[in-house]
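*Asks:* Before we start, here is the structure in question, set down as structure tokens.
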Amino acid sequence: MRYTFPRTAVILLAISGTLLGQSERCEVSGQLTDPQSHVVAAVAVTLIQQRTERAWTVQTDRTGHFVLQAPATGSYTLKVNAPGFQDVVKKISVEANPTLVNIQLGAVAKREDSINVVADVKETTVLFPDPAQRVYVRQETLDANPGRPGAPISIPGVPIETASGGVKAPQYFAPGVAGDHGEPIAQYIQVGSYLVSNNLSSNAHGNGYADPNILIPAILDGVQTDGGAFNVREGNHAENLSAIYELRSRLEPFVTVTGDYRDGDVVFGWSPEGPDVKSWLAVEAAYGNGFLNRLEHRQQYKVNGYREWHVGAHDLTLVGIGYYGSSFIPGLVPLDVPDLHDTIDSRQKDQTHTGELAVNDDWHLTPAQNLHLSSFFRSYDLALYSNFGEGLIRQSEFRTVTGGNATYTHRLTDWLSFLAGVDYQRDAPRRLDLDHYASTDTAVYGPFEKVTANNVTLADTAPYIALDGAFGRYLHYNLGWRRDEIQFDNADLLNSQNSYNTLSGFNSPKATLSYLPGGHSFLPSAAFSFGEAFHTNDPRIGSGTMRGTPISRGHSYQLVVSKDLGGTDFRVTVGHVTTEASLAKIDPDTGLQQDEGPGRNKFITVAARRYFRFGLLQASISKADARDLDTGLPTSEAPRTIVDVLGTVNKLPFRLQARAEFEEVGRRPLGDGFVSVPVREFRGALVRPFLNERMDLGLNFLIASGYTGQTTELLAVRGQTLRTEHVAGVRLPSYVSLSYTYRFRPHP
């Protein structure tokens, strides 16, 4: 008996020690996201106990979440090695159970390629359910037009055009989409997880202009394009396509000067020191006279700012944008008038300004629950003098846009997530004017005559819900529903009887079903999507006699098939979009609303991408058939064929690096039996780094043929009005410019 008590005590102590050790075990969990807050799946996360150097590793699930078991409280290190990104090493203190540690990957790691295009059916999530194309941007990536106004980046397979060639908002085109006025293509600036709408509804000329020119190219981390109609978070204008601009979280301080003998551009970017400080400021100033005889005196000034804070469970993001542009832009010229290579009127002018502030709070309630709260404010002004139709037309407007969003996401299990939210936006164009000169004679013209003058308000409230999950191992689904209630208030300042106020609503069901075979399967990945979408029409009556159609509806279908064969990624996208008939947008020549649709657009895009040790090669071809279903005639101004080839080479002799892109938009019908001429652009850059990559010297060029913004018009030329219809456009010049970049801190 005298030995029993000590033995029992030892056993009890051992048991209690074991139980104590078990009770002390702590759960370390979180979510892994990339710099644009997209989840990163199938990546190893390692937890290392600093005292013993013991390590535990798990992989993130398809929603980016991970759960690790720490054997005791104390000091640990989390390590993440995600291909394509810089390694993350984070020291943490585990004092509570559970411990939440969300990890956001930093800058994309320096790679042999300079453009990384990702288009993977397997990357769909509850926030981004549509199989998308994402273009990661480097500082050395080609701009859409180096040293020239326009879009800040060329999106492969999605060409850019502008009917003015100046600081006026350029527009993207998709296969079979007549996007000169921007209605069917939505555009967003991603602030945290918030998609800030960049479309300007009910524009002075058109309905849904979106202006990417307010962004400085160096601040972009990527651009994502998707089907638009299949995501409940994307609303107005998303019938055919959506483009999302993703911003960097840091900039290595730099200055870049680009120019030639007639144009100059200076960009400065700065971030405070410290790898954990996510903040930057970028400034750009440009002045140019283009390549026409008529000097443009183009000026552009941009300020873009970004700041992130991490406060407890809150990730706060603030973005500010300021823009001012002014020029005497070249206008449309007839293609078949001999010896006319310049603007047809010297008084054409364009000026615009934008001020915008957006804030987002990603609130991590628990490892599985997040609340996203956001808002933004924007002001915009346009005063444009353009030579369209039978006389000079003045378009002007000033607007304020405000919006807010609340979205709740809950990962119920590893294979089921829930999303619910509400979106609000109020777009208030004022002084929405369209004026004509009293005379078409360039020697007279005379005063302006009012055609339309309106104050318009569009207020949209949209609740939405979505479920995202899986059936077994290979089938993934996303089901969503969105309801938009839009208040239209049209105050006609010339004809009060044309003023009205109305409320219009629209339901948008969304669905995507994906088949995701294992990595060793010979079968391709595939995703089929269905969705309904809309765009708000111009509520003005103008010179007409009846109200227009408040909302144009569209029904979209999409099939995406992708497969890696021998190291080459192949992707086929087939789409079908039908739109309803609508009485929409004001004709700038007559002031009348135009009849549109019903229409149908069918397209197929085949793309291939291959990475090499020394670079990247990507090619795509899109064919489309877009028609008016009433007449059977092709949709005017919608491109039928788009060819794009993009390549990078980073191991040329003398440490030279080269990038190039060829893009062709084939002939397309313009209406009344007219057909456009093809547009071909070959743009490129040759760059040589110096001083351990702290300095770059570059040669940028554009070899172009054709005309942008092609349409049919009656134009006054040399004091005479051409009494028959002619194809008109803005001539595309070729050019060569030089660039110099200096980085004030060593390149990472």
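Each chain of the structure tokens is named A, B, ... in the order shown, its residues numbered from 1; ligands are numbered from 1 in display order.
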If we count only C-alpha atoms and set the cut-off at 7 Å, which residues sit around Pro175 (chain A), ignoring sequence neighbours fewer than 5 positions away in its own chain? Please answer as a tab-separated table (two decimals) with N, CA and C atoms, in the first residue's frame.
*Replies:*
```
chain	number	residue	atom	x	y	z
A	603	PHE	N	-20.78	34.46	-80.48
A	603	PHE	CA	-19.35	34.59	-80.71
A	603	PHE	C	-18.61	33.36	-80.19
A	622	SER	N	-11.18	35.81	-82.28
A	622	SER	CA	-12.61	35.83	-81.95
A	622	SER	C	-13.41	36.07	-83.23
A	623	LYS	N	-14.46	35.30	-83.39
A	623	LYS	CA	-15.39	35.48	-84.51
A	623	LYS	C	-16.78	35.67	-83.93
A	624	ALA	N	-17.53	36.62	-84.50
A	624	ALA	CA	-18.85	36.93	-83.96
A	624	ALA	C	-19.85	37.15	-85.08
A	639	PRO	N	-17.66	44.76	-84.19
A	639	PRO	CA	-16.61	44.00	-84.87
A	639	PRO	C	-16.95	42.52	-84.98
A	640	ARG	N	-16.63	41.95	-86.15
A	640	ARG	CA	-16.89	40.53	-86.38
A	640	ARG	C	-15.68	39.66	-86.04
A	641	THR	N	-14.50	40.17	-86.34
A	641	THR	CA	-13.28	39.40	-86.14
A	641	THR	C	-12.27	40.23	-85.36
A	642	ILE	N	-11.70	39.64	-84.31
A	642	ILE	CA	-10.65	40.30	-83.53
A	642	ILE	C	-9.50	39.30	-83.38
```
*Asks:* So that I can see what lies close to Arg683 (chain A), please list as a PyMOL selection string the residues with an atom at most 7 Å from it, counting only C-alpha atoms and leaving out residues fewer than 4 positions away in the same chain.
*Replies:* chain A and resi 660-662+701-703
*Asks:* Skipping near chain neighbours, those fewer than 3 positions away, what residues fall within 8 Å of region 231-234 of chain A using only C-alpha atoms, listed as a ChimeraX atom specification?
*Replies:* /A:127-130,186,195,228,238,242,464-466,480-482,508,510
*Asks:* Keeping N, CA and C atoms for every residue in the selection just given, could you write it to a file as a short mmCIF file (atom, residue, chain, number, x, y, z; two decimals), in the first residue's frame?
*Replies:*
```
data_model
loop_
_atom_site.label_atom_id
_atom_site.label_comp_id
_atom_site.auth_asym_id
_atom_site.auth_seq_id
_atom_site.Cartn_x
_atom_site.Cartn_y
_atom_site.Cartn_z
N LEU A 127 -17.25 35.31 -54.67
CA LEU A 127 -17.14 36.72 -55.06
C LEU A 127 -16.88 36.88 -56.55
N PHE A 128 -16.22 35.90 -57.18
CA PHE A 128 -15.91 35.97 -58.61
C PHE A 128 -16.27 34.63 -59.24
N PRO A 129 -17.56 34.41 -59.53
CA PRO A 129 -18.01 33.08 -59.97
C PRO A 129 -17.78 32.78 -61.44
N ASP A 130 -17.51 33.80 -62.27
CA ASP A 130 -17.40 33.57 -63.70
C ASP A 130 -15.94 33.27 -64.07
N ALA A 186 -19.53 46.82 -68.75
CA ALA A 186 -19.36 47.45 -67.43
C ALA A 186 -17.89 47.55 -67.10
N LEU A 195 -16.28 46.73 -55.74
CA LEU A 195 -16.23 47.04 -57.15
C LEU A 195 -16.89 48.41 -57.36
N GLY A 228 -19.59 39.32 -67.10
CA GLY A 228 -20.43 40.42 -66.63
C GLY A 228 -21.80 40.00 -66.16
N ALA A 238 -23.56 45.52 -67.68
CA ALA A 238 -22.76 44.29 -67.73
C ALA A 238 -23.37 43.24 -68.66
N SER A 242 -17.40 42.59 -68.57
CA SER A 242 -17.03 43.44 -67.44
C SER A 242 -15.51 43.49 -67.36
N TYR A 464 -29.05 41.53 -53.40
CA TYR A 464 -28.65 40.33 -54.13
C TYR A 464 -28.22 39.25 -53.17
N ILE A 465 -28.32 37.99 -53.62
CA ILE A 465 -27.89 36.83 -52.84
C ILE A 465 -27.23 35.84 -53.79
N ALA A 466 -26.37 34.96 -53.23
CA ALA A 466 -25.73 33.92 -54.04
C ALA A 466 -25.31 32.77 -53.15
N GLY A 480 -27.25 32.67 -58.18
CA GLY A 480 -27.44 34.01 -57.65
C GLY A 480 -28.70 34.68 -58.17
N TRP A 481 -29.10 35.71 -57.48
CA TRP A 481 -30.28 36.49 -57.86
C TRP A 481 -30.05 37.94 -57.44
N ARG A 482 -30.39 38.87 -58.33
CA ARG A 482 -30.22 40.30 -58.09
C ARG A 482 -31.50 41.01 -58.50
N SER A 508 -32.55 39.73 -62.00
CA SER A 508 -31.42 39.16 -62.74
C SER A 508 -31.00 37.84 -62.10
N LYS A 510 -28.80 34.42 -61.96
CA LYS A 510 -27.45 34.08 -62.41
C LYS A 510 -27.17 32.62 -62.04
#
```
*Asks:* Tell me, which residues of region 190-339 of chain A carry DSSP helix (DSSP H, G or I), written as a ChimeraX atom specification?
*Replies:* /A:212-214,217-219
*Asks:* Just give me the gap between CA of Leu416 (chain A) and CA of Ala470 (chain A) in Å, one decimal is fine.
*Replies:* 6.8 Å
*Asks:* What are the nearest atom pairs, with distances in Å to one decimal, for all residues of region 353-453 of chain A that come at most 12 Å from region 165-174 of chain A, using only C-alpha atoms, set out by chain and rising residue number as a tab-separated table?
*Replies:*
```
residue	atom	partner	partner_atom	distance
A:His353	CA	A:Val167	CA	10.0
A:Thr354	CA	A:Ala169	CA	11.5
A:Tyr380	CA	A:Ala169	CA	11.8
A:Asp381	CA	A:Lys168	CA	11.1
A:Leu382	CA	A:Lys168	CA	8.6
A:Ala383	CA	A:Lys168	CA	9.9
A:Leu384	CA	A:Lys168	CA	8.4
A:Tyr385	CA	A:Lys168	CA	11.1
A:Ser386	CA	A:Lys168	CA	10.9
A:Gln395	CA	A:Lys168	CA	11.8
```
*Asks:* Name all residues at most 6 Å from Arg627 (chain A) (count only C-alpha atoms; drop same-chain ones fewer than 5 positions away) and give them as a PyMOL selection string.
*Replies:* chain A and resi 599-600+632-635
*Asks:* Keeping only N, CA and C atoms, take the residues you just selected and write them out as a PDB file, in the first residue's frame.
*Replies:*
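In the end it all went to out.pdb:
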```pdb
ATOM      1  N   GLY A 599     -31.809  42.336 -80.559  1.00  0.00           N
ATOM      2  CA  GLY A 599     -30.571  41.899 -81.177  1.00  0.00           C
ATOM      3  C   GLY A 599     -30.084  40.580 -80.621  1.00  0.00           C
ATOM      4  N   ARG A 600     -29.162  39.990 -81.368  1.00  0.00           N
ATOM      5  CA  ARG A 600     -28.560  38.735 -80.945  1.00  0.00           C
ATOM      6  C   ARG A 600     -27.089  38.740 -81.336  1.00  0.00           C
ATOM      7  N   GLY A 632     -32.867  41.335 -89.589  1.00  0.00           N
ATOM      8  CA  GLY A 632     -31.897  40.343 -90.009  1.00  0.00           C
ATOM      9  C   GLY A 632     -30.575  40.929 -90.448  1.00  0.00           C
ATOM     10  N   LEU A 633     -30.431  42.261 -90.372  1.00  0.00           N
ATOM     11  CA  LEU A 633     -29.207  42.923 -90.801  1.00  0.00           C
ATOM     12  C   LEU A 633     -28.159  42.879 -89.697  1.00  0.00           C
ATOM     13  N   PRO A 634     -26.875  42.900 -90.074  1.00  0.00           N
ATOM     14  CA  PRO A 634     -25.817  42.912 -89.059  1.00  0.00           C
ATOM     15  C   PRO A 634     -25.890  44.160 -88.186  1.00  0.00           C
ATOM     16  N   THR A 635     -25.518  44.014 -86.930  1.00  0.00           N
ATOM     17  CA  THR A 635     -25.478  45.142 -86.005  1.00  0.00           C
ATOM     18  C   THR A 635     -24.379  46.112 -86.430  1.00  0.00           C
TER      19      THR A 635
END
```
*Asks:* To one decimal place in Å, what is the distance between CA of Ile551 (chain A) and CA of Gln487 (chain A)?
*Replies:* 11.0 Å
